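A.B. asks: Contents of run.txt (compact mmCIF, C-alpha atoms) are below:
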# COMPACT_ATOMS: atom_id res chain seq x y z
CA MET A 128 78.98 62.80 125.74
CA ARG A 129 75.73 63.93 124.24
CA GLN A 130 75.93 67.56 123.36
CA THR A 131 72.85 68.80 125.03
CA ASN A 132 73.98 72.34 125.53
CA LYS A 133 72.53 74.91 123.22
CA SER A 134 75.17 76.39 121.04
CA SER A 135 75.64 77.24 117.42
CA SER A 136 77.10 74.70 115.04
CA VAL A 137 80.21 75.72 113.16
CA ALA A 138 80.41 72.59 111.05
CA ALA A 139 79.40 74.08 107.72
CA PRO A 140 82.28 74.54 105.28
CA GLN A 141 83.66 78.02 104.72
CA SER A 142 83.63 77.79 100.95
CA ASN A 143 79.86 77.97 101.03
CA THR A 144 79.95 81.68 101.74
CA GLU A 145 80.66 84.99 100.13
CA SER A 146 81.30 83.90 96.56
CA SER A 147 78.12 81.86 96.29
CA ASN A 148 74.65 83.33 96.32
CA THR A 149 73.41 81.22 99.18
CA ILE A 150 74.51 82.51 102.55
CA ARG A 151 75.64 79.84 104.99
CA GLU A 152 73.05 79.24 107.66
CA ILE A 153 74.35 78.47 111.14
CA THR A 154 72.05 76.26 113.19
CA HIS A 155 71.28 75.71 116.83
CA TRP A 156 72.65 72.57 118.47
CA ILE A 157 69.95 71.06 120.66
CA ASP A 158 69.76 67.55 122.09
CA GLY A 159 72.80 66.38 120.14
CA LYS A 160 71.49 67.55 116.79
CA ALA A 161 71.82 70.53 114.48
CA VAL A 162 68.45 72.28 114.54
CA ARG A 163 67.35 75.08 112.22
CA GLY A 164 65.96 78.17 113.87
CA THR A 165 62.19 78.61 113.80
CA SER A 166 61.75 82.09 115.25
CA GLY A 167 62.23 83.76 111.89
CA ARG A 168 64.72 86.16 113.46
CA THR A 169 68.35 85.95 112.39
CA SER A 170 71.52 87.91 112.89
CA LYS A 171 74.13 88.50 110.21
CA VAL A 172 77.63 87.12 110.68
CA PHE A 173 80.10 89.36 108.88
CA ASN A 174 83.60 88.65 107.75
CA PRO A 175 85.16 91.88 109.03
CA ALA A 176 88.07 91.62 106.58
CA THR A 177 85.70 91.85 103.60
CA GLY A 178 82.77 93.68 105.19
CA LYS A 179 80.47 91.05 103.68
CA VAL A 180 77.91 88.78 105.29
CA GLN A 181 79.32 85.27 105.42
CA ALA A 182 76.51 83.55 107.34
CA THR A 183 73.33 84.08 109.30
CA VAL A 184 72.79 82.85 112.82
CA PRO A 185 69.27 82.20 114.15
CA MET A 186 67.97 84.04 117.20
CA ALA A 187 66.28 81.51 119.45
CA ASN A 188 62.75 81.92 120.76
CA SER A 189 61.56 80.77 124.18
CA ALA A 190 60.32 77.40 122.85
CA GLU A 191 63.78 76.62 121.45
CA LEU A 192 65.45 77.70 124.66
CA GLY A 193 62.95 75.54 126.59
CA ALA A 194 63.75 72.52 124.39
CA ALA A 195 67.49 72.95 125.07
CA VAL A 196 66.92 73.24 128.82
CA GLU A 197 64.63 70.20 128.85
CA SER A 198 67.28 68.21 127.00
CA ILE A 199 69.88 69.20 129.58
CA LYS A 200 67.53 68.25 132.41
CA ARG A 201 66.99 64.80 130.86
CA ALA A 202 70.72 64.23 130.41
CA PHE A 203 71.84 65.55 133.79
CA PRO A 204 70.85 62.75 136.21
CA GLY A 205 72.50 60.09 134.07
CA TRP A 206 75.69 62.08 133.76
CA ALA A 207 75.76 63.04 137.42
CA ALA A 208 75.68 59.34 138.26
CA GLN A 209 78.77 58.52 136.19
CA PRO A 210 82.07 57.95 137.98
CA PRO A 211 84.62 60.81 137.71
CA LEU A 212 86.85 58.65 135.52
CA ARG A 213 84.19 58.58 132.81
CA GLY A 214 83.89 62.36 132.93
CA ALA A 215 87.67 62.68 132.74
CA ARG A 216 87.71 60.52 129.60
CA VAL A 217 85.18 62.84 127.99
CA LEU A 218 87.28 65.87 128.91
CA PHE A 219 90.32 64.12 127.51
CA ARG A 220 88.47 63.51 124.24
CA VAL A 221 87.40 67.17 124.11
CA ARG A 222 91.02 68.15 124.56
CA GLU A 223 92.09 65.85 121.71
CA LEU A 224 89.44 67.30 119.44
CA LEU A 225 90.45 70.86 120.33
CA GLU A 226 94.05 70.01 119.52
CA SER A 227 93.34 68.26 116.22
CA HIS A 228 91.02 71.06 115.05
CA LEU A 229 93.07 73.99 116.35
CA ASP A 230 93.76 75.43 112.89
CA GLU A 231 90.09 75.24 111.85
CA ILE A 232 88.99 76.89 115.08
CA ALA A 233 91.63 79.60 114.60
CA ALA A 234 90.45 80.19 111.01
CA LEU A 235 86.84 80.55 112.21
CA ILE A 236 87.83 83.02 114.94
CA SER A 237 89.83 84.99 112.39
CA SER A 238 87.01 85.06 109.82
CA GLU A 239 84.36 86.10 112.34
CA TYR A 240 86.32 88.47 114.59
CA GLY A 241 89.15 89.66 112.36
CA LYS A 242 91.98 88.47 114.57
CA VAL A 243 95.24 87.60 112.85
CA LEU A 244 95.73 83.83 112.69
CA ALA A 245 98.54 83.74 115.23
CA ASP A 246 96.36 85.56 117.78
CA ALA A 247 93.37 83.37 116.92
CA ARG A 248 95.48 80.26 117.47
CA GLY A 249 96.55 81.71 120.80
CA GLU A 250 92.92 82.23 121.77
CA ALA A 251 92.01 78.66 120.79
CA MET A 252 95.08 77.48 122.69
CA ARG A 253 93.75 79.19 125.83
CA GLY A 254 90.67 76.98 125.62
CA TYR A 255 92.93 73.98 125.19
CA ASP A 256 95.03 75.01 128.20
CA GLY A 257 91.85 75.44 130.22
CA ARG A 258 90.81 71.86 129.40
CA HIS A 259 94.27 70.69 130.32
CA ALA A 260 93.91 72.41 133.69
CA CYS A 261 90.52 70.69 134.23
CA LYS A 262 92.11 67.36 133.61
CA LYS A 263 94.95 68.16 136.00
CA ALA A 264 92.43 69.22 138.61
CA SER A 265 90.53 65.95 138.19
CA GLY A 266 93.70 64.08 139.08
CA THR A 267 93.54 61.93 135.98
CA ASP A 268 96.46 63.45 134.08
CA MET X 268 109.29 114.14 132.66
CA ASP X 269 108.93 115.46 129.13
CA THR X 270 112.30 114.08 128.00
CA THR X 271 111.25 110.56 129.00
CA ALA X 272 107.79 110.96 127.47
CA ASP X 273 109.19 112.44 124.25
CA THR X 274 111.61 109.55 123.86
CA LEU X 275 108.85 107.00 124.49
CA ALA X 276 106.44 108.69 122.09
CA LYS X 277 109.06 108.80 119.34
CA LYS X 278 109.90 105.12 119.75
CA LEU X 279 106.23 104.13 119.83
CA GLN X 280 105.60 106.17 116.70
CA GLU X 281 108.43 104.42 114.83
CA ARG X 282 107.16 101.02 115.88
CA ILE X 283 103.49 101.71 115.18
CA GLU X 284 104.25 102.99 111.69
CA LYS X 285 105.78 99.60 110.83
CA LEU X 286 102.67 97.59 111.80
CA VAL X 287 101.03 95.80 108.88
CA VAL X 288 97.24 95.99 108.78
CA ALA X 289 95.78 93.21 106.62
CA PRO X 290 93.12 90.46 106.67
CA GLY X 291 93.66 88.08 109.56
CA ASN X 292 94.52 85.15 107.28
CA ASP X 293 97.36 87.12 105.64
CA ALA X 294 100.61 85.85 107.14
CA SER X 295 102.17 89.32 107.05
CA ALA X 296 99.39 90.87 109.15
CA ASP X 297 100.24 92.34 112.55
CA MET X 298 96.65 93.48 113.01
CA GLY X 299 93.36 92.58 111.34
CA PRO X 300 90.14 94.56 110.93
CA LEU X 301 87.82 95.73 113.70
CA VAL X 302 84.97 93.39 114.53
CA THR X 303 82.02 95.26 113.00
CA GLY X 304 81.29 98.29 110.85
CA VAL X 305 79.46 99.93 113.75
CA HIS X 306 82.48 99.49 115.99
CA LEU X 307 84.81 100.85 113.31
CA GLU X 308 82.70 104.01 113.17
CA LYS X 309 82.75 104.30 116.96
CA VAL X 310 86.55 104.08 117.11
CA ARG X 311 86.91 106.58 114.23
CA ASN X 312 84.65 108.94 116.16
CA TYR X 313 86.93 108.68 119.20
CA LEU X 314 89.81 109.87 117.01
CA ALA X 315 87.76 112.94 116.12
CA THR X 316 86.66 113.45 119.73
CA GLY X 317 90.21 113.25 121.09
CA THR X 318 91.41 115.82 118.59
CA GLU X 319 88.55 118.17 119.50
CA GLU X 320 89.37 117.71 123.17
CA GLY X 321 92.88 118.94 122.53
CA ALA X 322 94.97 115.78 122.56
CA GLU X 323 97.75 115.59 120.00
CA LEU X 324 97.06 112.91 117.39
CA ARG X 325 100.61 111.89 116.48
CA ILE X 326 99.46 109.08 114.18
CA ASP X 327 96.02 109.24 112.59
CA GLY X 328 94.86 105.74 111.65
CA ARG X 329 92.29 107.18 109.27
CA GLU X 330 94.92 108.72 106.99
CA ASP X 331 97.09 105.97 105.56
CA ALA X 332 96.05 103.44 102.94
CA LEU X 333 93.99 100.46 104.07
CA PRO X 334 93.50 97.00 102.54
CA GLU X 335 91.21 97.08 99.50
CA GLY X 336 87.52 96.25 99.74
CA ASP X 337 84.87 96.97 102.33
CA GLY X 338 86.57 95.44 105.36
CA PHE X 339 86.32 97.19 108.72
CA PHE X 340 89.96 98.28 108.77
CA LEU X 341 91.61 101.09 110.67
CA ASN X 342 95.31 101.75 111.02
CA PRO X 343 96.73 102.09 114.54
CA SER X 344 96.64 105.56 116.07
CA LEU X 345 98.68 107.32 118.73
CA PHE X 346 97.47 110.17 120.93
CA ASP X 347 99.90 112.19 123.04
CA HIS X 348 99.15 114.76 125.78
CA VAL X 349 95.93 113.01 126.78
CA LYS X 350 94.39 114.53 129.93
CA PRO X 351 92.30 112.74 132.59
CA GLU X 352 89.23 114.89 131.88
CA MET X 353 89.09 113.83 128.22
CA ARG X 354 86.57 111.25 126.98
CA ILE X 355 89.35 109.32 125.22
CA TYR X 356 90.89 108.83 128.68
CA LYS X 357 87.71 108.13 130.62
CA GLU X 358 86.00 105.76 128.17
CA GLU X 359 87.14 102.43 126.80
CA ILE X 360 87.86 102.85 123.08
CA PHE X 361 88.47 99.13 122.50
CA GLY X 362 90.35 99.75 119.27
CA PRO X 363 93.87 100.26 117.96
CA VAL X 364 94.29 103.61 119.67
CA LEU X 365 97.03 104.25 122.21
CA GLY X 366 96.95 107.32 124.44
CA ILE X 367 99.91 108.79 126.31
CA VAL X 368 99.11 110.64 129.55
CA ARG X 369 102.14 112.45 130.88
CA ALA X 370 102.71 112.19 134.64
CA ARG X 371 105.34 113.96 136.73
CA ASP X 372 106.38 110.95 138.80
CA PHE X 373 105.47 107.42 139.86
CA ALA X 374 103.07 108.52 142.60
CA THR X 375 101.12 110.70 140.17
CA ALA X 376 100.91 107.90 137.61
CA LEU X 377 99.76 105.35 140.20
CA LYS X 378 97.10 107.77 141.46
CA LEU X 379 95.85 108.24 137.90
CA VAL X 380 95.39 104.49 137.41
CA ASN X 381 93.78 104.02 140.81
CA GLU X 382 91.32 106.88 140.38
CA HIS X 383 90.06 105.58 137.02
CA GLU X 384 86.66 103.90 137.18
CA PHE X 385 87.94 100.97 135.12
CA GLY X 386 90.60 98.55 136.34
CA ASN X 387 91.13 95.68 133.95
CA GLY X 388 94.90 95.44 133.67
CA ALA X 389 97.91 97.65 134.38
CA SER X 390 101.60 97.28 133.61
CA ILE X 391 104.74 99.06 134.67
CA PHE X 392 108.06 99.19 132.88
CA THR X 393 110.93 99.67 135.30
CA ARG X 394 114.43 98.47 136.19
CA ASP X 395 113.80 99.25 139.84
CA GLY X 396 112.61 96.32 141.92
CA ASP X 397 111.26 98.49 144.71
CA THR X 398 109.09 100.46 142.29
CA ALA X 399 107.85 97.26 140.65
CA ARG X 400 106.92 95.77 144.00
CA THR X 401 105.15 98.92 145.17
CA PHE X 402 103.22 99.06 141.90
CA ALA X 403 102.14 95.41 142.11
CA HIS X 404 100.92 95.91 145.69
CA GLU X 405 99.18 99.25 145.32
CA VAL X 406 97.74 99.39 141.82
CA ILE X 407 93.97 98.82 141.75
CA ALA X 408 93.56 96.59 138.70
CA GLY X 409 92.53 92.97 138.20
CA MET X 410 95.64 91.97 136.27
CA VAL X 411 99.10 93.36 136.85
CA ASP X 412 102.34 92.94 134.93
CA ILE X 413 105.91 94.09 135.32
CA ASN X 414 107.76 94.84 132.06
CA ILE X 415 105.10 93.11 129.93
CA PRO X 416 102.71 95.24 127.87
CA ILE X 417 99.44 93.33 128.18
CA PRO X 418 98.73 91.63 131.50
CA VAL X 419 96.86 88.42 130.80
CA PRO X 420 97.48 85.33 132.93
CA MET X 421 97.82 81.74 131.76
CA ALA X 422 94.48 80.10 130.94
CA PHE X 423 94.26 78.05 134.12
CA HIS X 424 94.39 81.16 136.29
CA SER X 425 91.31 83.29 136.59
CA PHE X 426 91.13 86.25 134.29
CA GLY X 427 89.43 89.62 134.55
CA GLY X 428 89.33 93.10 135.94
CA TRP X 429 88.33 95.02 139.02
CA LYS X 430 86.14 98.08 139.58
CA ARG X 431 83.84 98.59 136.57
CA SER X 432 85.92 96.23 134.42
CA LEU X 433 83.87 93.15 135.20
CA PHE X 434 80.43 91.77 134.49
CA GLY X 435 77.95 90.99 137.22
CA ASP X 436 77.93 91.95 140.85
CA HIS X 437 80.62 89.51 142.01
CA ALA X 438 84.22 89.13 140.93
CA MET X 439 84.13 85.59 139.59
CA HIS X 440 87.90 85.37 139.42
CA GLY X 441 89.07 84.93 142.97
CA PRO X 442 87.65 83.55 146.22
CA GLU X 443 84.06 84.49 145.30
CA GLY X 444 84.37 82.48 142.10
CA ILE X 445 85.50 79.42 144.03
CA ARG X 446 82.66 79.82 146.53
CA PHE X 447 80.15 80.17 143.72
CA THR X 448 81.40 77.19 141.75
CA LEU X 449 82.21 74.73 144.50
CA ALA X 450 80.31 73.45 147.48
CA SER X 451 83.23 73.32 149.89
CA ARG X 452 83.19 71.06 152.89
CA GLN X 453 85.63 70.91 155.78
Rewrite the structure of this file - the entire thing - as structure tokens.

C.D. replies:
Amino acid sequence: MRQTNKSSSVAAPQSNTESSNTIREITHWIDGKAVRGTSGRTSKVFNPATGKVQATVPMANSAELGAAVESIKRAFPGWAAQPPLRGARVLFRVRELLESHLDEIAALISSEYGKVLADARGEAMRGYDGRHACKKASGTD
Amino acid sequence: MDTTADTLAKKLQERIEKLVVAPGNDASADMGPLVTGVHLEKVRNYLATGTEEGAELRIDGREDALPEGDGFFLNPSLFDHVKPEMRIYKEEIFGPVLGIVRARDFATALKLVNEHEFGNGASIFTRDGDTARTFAHEVIAGMVDINIPIPVPMAFHSFGGWKRSLFGDHAMHGPEGIRFTLASRQ
């Protein structure tokens, strides 16, 4: 599945943060690619346990938003034409990825929101359970 | 009423004082920091406001030692004798602050919950099945639990509050959510 939705990438490693002088820069994710922000406006991402800035996240402008929407519009007809089985396979893959990266997702939630790891895992698990429910609902489980 | 409330408050106090506040990635942590410095200040201000309003601050989260550094930490706090006209009752603190409102009986307590402008979740602790059933039927809140402290359903059920505890002009968890999401055909 091409990731055409506009969201922020969380792929950058965590070590590239507080101790080093360069602050990790989170990017947009548009048309299946990590895209640096061009608006010049950013927001700080704190680690609430240290009170320090661990990353910056770009604030999109209308051109970037438009590019993301256009990408979705291009992708939509092709995906809408796929049989449900194909969609179910994609959901199944998303579920696998969520499961295999659960600890990393929990660590990110903890470092950005301050949740204790057990709670953060629980939150990530809720997303996983939601995917599971989607699969059940599609009748492919 | 006060005997029951006193016993509860004492037990809560003992339990709260044992909670470990530490960075989220510390395995011993029961509770991590608040999400931002601005929010930490807001919650600290509610502790001051509640005290000014006349509630009894049995545990002040600003007093005890906190993890070293500049993290947005606050220890858990417990208010007793909170009254419905106080801001700490009317507004959502969204922090580690628990308030005890003393009510004479079940009917008074239920009325309190139902008259509040928010209605995210509500729980009752009881050994009486009739009371539990009445509560579940009559309480005006989006999520209801019996003998469980935080009412949150499993992920595949819809999740959210009623009254002012929801975003938007439609309750997306429930029949309206299904109508919005699906084009149903008979």

A.B. asks: Using all atoms listed in the file, find each residue in chain A having at least one atom no more than 10 Å away from chain X; report its shortest atom-to-atom pair and that distance in Å (one decimal), rows by chain then rising number, as JSON lines.

C.D. replies:
{"residue": "A:Val172", "atom": "CA", "partner": "X:Thr303", "partner_atom": "CA", "distance": 9.5}
{"residue": "A:Phe173", "atom": "CA", "partner": "X:Thr303", "partner_atom": "CA", "distance": 7.4}
{"residue": "A:Asn174", "atom": "CA", "partner": "X:Gly338", "partner_atom": "CA", "distance": 7.8}
{"residue": "A:Pro175", "atom": "CA", "partner": "X:Gly338", "partner_atom": "CA", "distance": 5.3}
{"residue": "A:Ala176", "atom": "CA", "partner": "X:Gly338", "partner_atom": "CA", "distance": 4.3}
{"residue": "A:Thr177", "atom": "CA", "partner": "X:Gly338", "partner_atom": "CA", "distance": 4.1}
{"residue": "A:Gly178", "atom": "CA", "partner": "X:Gly338", "partner_atom": "CA", "distance": 4.2}
{"residue": "A:Lys179", "atom": "CA", "partner": "X:Asp337", "partner_atom": "CA", "distance": 7.5}
{"residue": "A:Ala233", "atom": "CA", "partner": "X:Asn292", "partner_atom": "CA", "distance": 9.6}
{"residue": "A:Ala234", "atom": "CA", "partner": "X:Asn292", "partner_atom": "CA", "distance": 7.4}
{"residue": "A:Ile236", "atom": "CA", "partner": "X:Gly291", "partner_atom": "CA", "distance": 9.4}
{"residue": "A:Ser237", "atom": "CA", "partner": "X:Gly291", "partner_atom": "CA", "distance": 5.7}
{"residue": "A:Ser238", "atom": "CA", "partner": "X:Gly291", "partner_atom": "CA", "distance": 7.3}
{"residue": "A:Glu239", "atom": "CA", "partner": "X:Val302", "partner_atom": "CA", "distance": 7.6}
{"residue": "A:Tyr240", "atom": "CA", "partner": "X:Val302", "partner_atom": "CA", "distance": 5.1}
{"residue": "A:Gly241", "atom": "CA", "partner": "X:Pro300", "partner_atom": "CA", "distance": 5.2}
{"residue": "A:Lys242", "atom": "CA", "partner": "X:Gly291", "partner_atom": "CA", "distance": 5.3}
{"residue": "A:Val243", "atom": "CA", "partner": "X:Gly291", "partner_atom": "CA", "distance": 3.7}
{"residue": "A:Leu244", "atom": "CA", "partner": "X:Gly291", "partner_atom": "CA", "distance": 5.7}
{"residue": "A:Ala245", "atom": "CA", "partner": "X:Ala294", "partner_atom": "CA", "distance": 8.6}
{"residue": "A:Asp246", "atom": "CA", "partner": "X:Gly291", "partner_atom": "CA", "distance": 9.0}
{"residue": "A:Ala247", "atom": "CA", "partner": "X:Gly291", "partner_atom": "CA", "distance": 8.7}
{"residue": "A:Glu250", "atom": "CA", "partner": "X:Ala422", "partner_atom": "CA", "distance": 9.5}
{"residue": "A:Met252", "atom": "CA", "partner": "X:Ala422", "partner_atom": "CA", "distance": 8.7}
{"residue": "A:Arg253", "atom": "CA", "partner": "X:Ala422", "partner_atom": "CA", "distance": 5.2}
{"residue": "A:Gly254", "atom": "CA", "partner": "X:Ala422", "partner_atom": "CA", "distance": 7.2}
{"residue": "A:Tyr255", "atom": "CA", "partner": "X:Ala422", "partner_atom": "CA", "distance": 8.5}
{"residue": "A:Asp256", "atom": "CA", "partner": "X:Ala422", "partner_atom": "CA", "distance": 5.8}
{"residue": "A:Gly257", "atom": "CA", "partner": "X:Phe423", "partner_atom": "CA", "distance": 5.3}
{"residue": "A:Arg258", "atom": "CA", "partner": "X:Phe423", "partner_atom": "CA", "distance": 8.5}
{"residue": "A:His259", "atom": "CA", "partner": "X:Phe423", "partner_atom": "CA", "distance": 8.3}
{"residue": "A:Ala260", "atom": "CA", "partner": "X:Phe423", "partner_atom": "CA", "distance": 5.7}
{"residue": "A:Cys261", "atom": "CA", "partner": "X:Phe423", "partner_atom": "CA", "distance": 8.3}

A.B. asks: So which residues touch Glu382 in chain X within 9 Å, counting only C-alpha atoms, skipping near sequence neighbours fewer than 4 positions away, as an mmCIF file with C-alpha atoms, in the frame of the given file?

C.D. replies:
data_model
loop_
_atom_site.group_PDB
_atom_site.id
_atom_site.type_symbol
_atom_site.label_atom_id
_atom_site.label_comp_id
_atom_site.auth_asym_id
_atom_site.auth_seq_id
_atom_site.Cartn_x
_atom_site.Cartn_y
_atom_site.Cartn_z
ATOM 1 C CA LEU X 377 99.760 105.350 140.200
ATOM 2 C CA LYS X 378 97.100 107.770 141.460
ATOM 3 C CA ILE X 407 93.970 98.820 141.750
#

A.B. asks: Can you measure CA of Ala276 in chain X to CA of Gly366 in chain X for me? One decimal in Å is fine.

C.D. replies: 9.9 Å

A.B. asks: Can you pull out every residue within 8 Å of Val349 in chain X, counting only C-alpha atoms, but drop anything in the same chain fewer than 5 positions away, and send it as a ChimeraX atom specification?

C.D. replies: /X:321-323,355-356,366-369

A.B. asks: Between CA of Phe447 in chain X and CA of Leu192 in chain A, what is the spacing in Å?

C.D. replies: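 One can read the CA of Leu192 in chain A to CA of Phe447 in chain X distance as 24.2 Å.
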
A.B. asks: Could you work out how far CA of Trp206 in chain A lies from CA of Ser189 in chain A, giving the answer in Å with one decimal?

C.D. replies: 25.3 Å

A.B. asks: Please put the answer as JSON: centre and edge lengths, in Å with one decimal, of a box along x, y and z that encloses all listed atoms of range 177-186 of chain A plus 8 Å on each side.

C.D. replies:
{"center_x": 76.8, "center_y": 87.9, "center_z": 110.4, "size_x": 33.7, "size_y": 27.5, "size_z": 29.6}

A.B. asks: Given the choices A:Glu152, A:Glu223, A:Glu231, A:Asp158, which gets closest to Gly193 in chain A if the distance is worked out from only C-alpha atoms?

C.D. replies: A:Asp158

A.B. asks: Compile the contact shell of Trp429 in chain X as a count of residues only: residues with an atom at most 6 Å away, counting only C-alpha atoms, same-chain residues fewer than 5 positions apart removed.

C.D. replies: 4

A.B. asks: If we count all atoms listed in the file and set the cut-off at 7 Å, which residues sit around Phe385 in chain X, ignoring sequence neighbours fewer than 2 positions away in its own chain? Please answer as JSON, numbers by chain.

C.D. replies: {"X": [383, 387, 430, 431, 432]}

A.B. asks: Write out as an MDAnalysis selection string each polymer residue whose atoms come within 6 Å of Val184 in chain A, counting only C-alpha atoms; drop sequence neighbours fewer than 2 positions from it.

C.D. replies: chainID A and resid 153 169:170

A.B. asks: Could you check the closest approach to Ala195 in chain A for each of A:Ala208, A:Val221, A:Val180, A:Ala161 and tell me which residue wins, using all atoms listed in the file?

C.D. replies: A:Ala161

A.B. asks: Taking N, CA and C atoms as the atom set, what does range 335-357 of chain X look like once completed, written as a compact mmCIF listing (two decimals), in the frame of the given file?

C.D. replies:
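And here is the file that came out, out_7.txt:
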# COMPACT_ATOMS: atom_id res chain seq x y z
N GLU X 335 92.31 96.82 100.43
CA GLU X 335 91.21 97.08 99.50
C GLU X 335 89.93 96.37 99.94
N GLY X 336 88.81 96.87 99.45
CA GLY X 336 87.52 96.25 99.74
C GLY X 336 86.77 97.00 100.82
N ASP X 337 85.76 96.33 101.36
CA ASP X 337 84.87 96.97 102.33
C ASP X 337 85.09 96.48 103.75
N GLY X 338 86.27 95.93 104.02
CA GLY X 338 86.57 95.44 105.36
C GLY X 338 86.59 96.57 106.38
N PHE X 339 86.43 96.19 107.66
CA PHE X 339 86.32 97.19 108.72
C PHE X 339 87.71 97.55 109.27
N PHE X 340 88.57 98.05 108.38
CA PHE X 340 89.96 98.28 108.77
C PHE X 340 90.20 99.70 109.27
N LEU X 341 91.14 99.79 110.19
CA LEU X 341 91.61 101.09 110.67
C LEU X 341 93.07 100.91 111.05
N ASN X 342 93.90 101.84 110.63
CA ASN X 342 95.31 101.75 111.02
C ASN X 342 95.45 102.15 112.48
N PRO X 343 96.54 101.71 113.13
CA PRO X 343 96.73 102.09 114.54
C PRO X 343 96.98 103.59 114.69
N SER X 344 96.54 104.12 115.82
CA SER X 344 96.64 105.56 116.07
C SER X 344 97.33 105.80 117.40
N LEU X 345 97.98 106.95 117.50
CA LEU X 345 98.68 107.32 118.73
C LEU X 345 98.32 108.75 119.15
N PHE X 346 97.73 108.86 120.33
CA PHE X 346 97.47 110.17 120.93
C PHE X 346 98.57 110.48 121.95
N ASP X 347 98.97 111.74 121.99
CA ASP X 347 99.90 112.19 123.04
C ASP X 347 99.20 113.35 123.78
N HIS X 348 99.71 113.67 124.96
CA HIS X 348 99.15 114.76 125.78
C HIS X 348 97.66 114.55 126.07
N VAL X 349 97.30 113.30 126.37
CA VAL X 349 95.93 113.01 126.78
C VAL X 349 95.78 113.45 128.24
N LYS X 350 94.63 114.04 128.56
CA LYS X 350 94.39 114.53 129.93
C LYS X 350 93.24 113.75 130.57
N PRO X 351 93.31 113.58 131.91
CA PRO X 351 92.30 112.74 132.59
C PRO X 351 90.85 113.19 132.40
N GLU X 352 90.63 114.45 132.04
CA GLU X 352 89.23 114.89 131.88
C GLU X 352 88.69 114.58 130.48
N MET X 353 89.54 114.09 129.59
CA MET X 353 89.09 113.83 128.22
C MET X 353 88.31 112.52 128.13
N ARG X 354 87.36 112.48 127.18
CA ARG X 354 86.57 111.25 126.98
C ARG X 354 87.46 110.10 126.53
N ILE X 355 88.49 110.41 125.71
CA ILE X 355 89.35 109.32 125.22
C ILE X 355 90.18 108.72 126.35
N TYR X 356 90.23 109.41 127.49
CA TYR X 356 90.89 108.83 128.68
C TYR X 356 89.88 108.09 129.54
N LYS X 357 88.69 108.67 129.68
CA LYS X 357 87.71 108.13 130.62
C LYS X 357 86.97 106.90 130.08
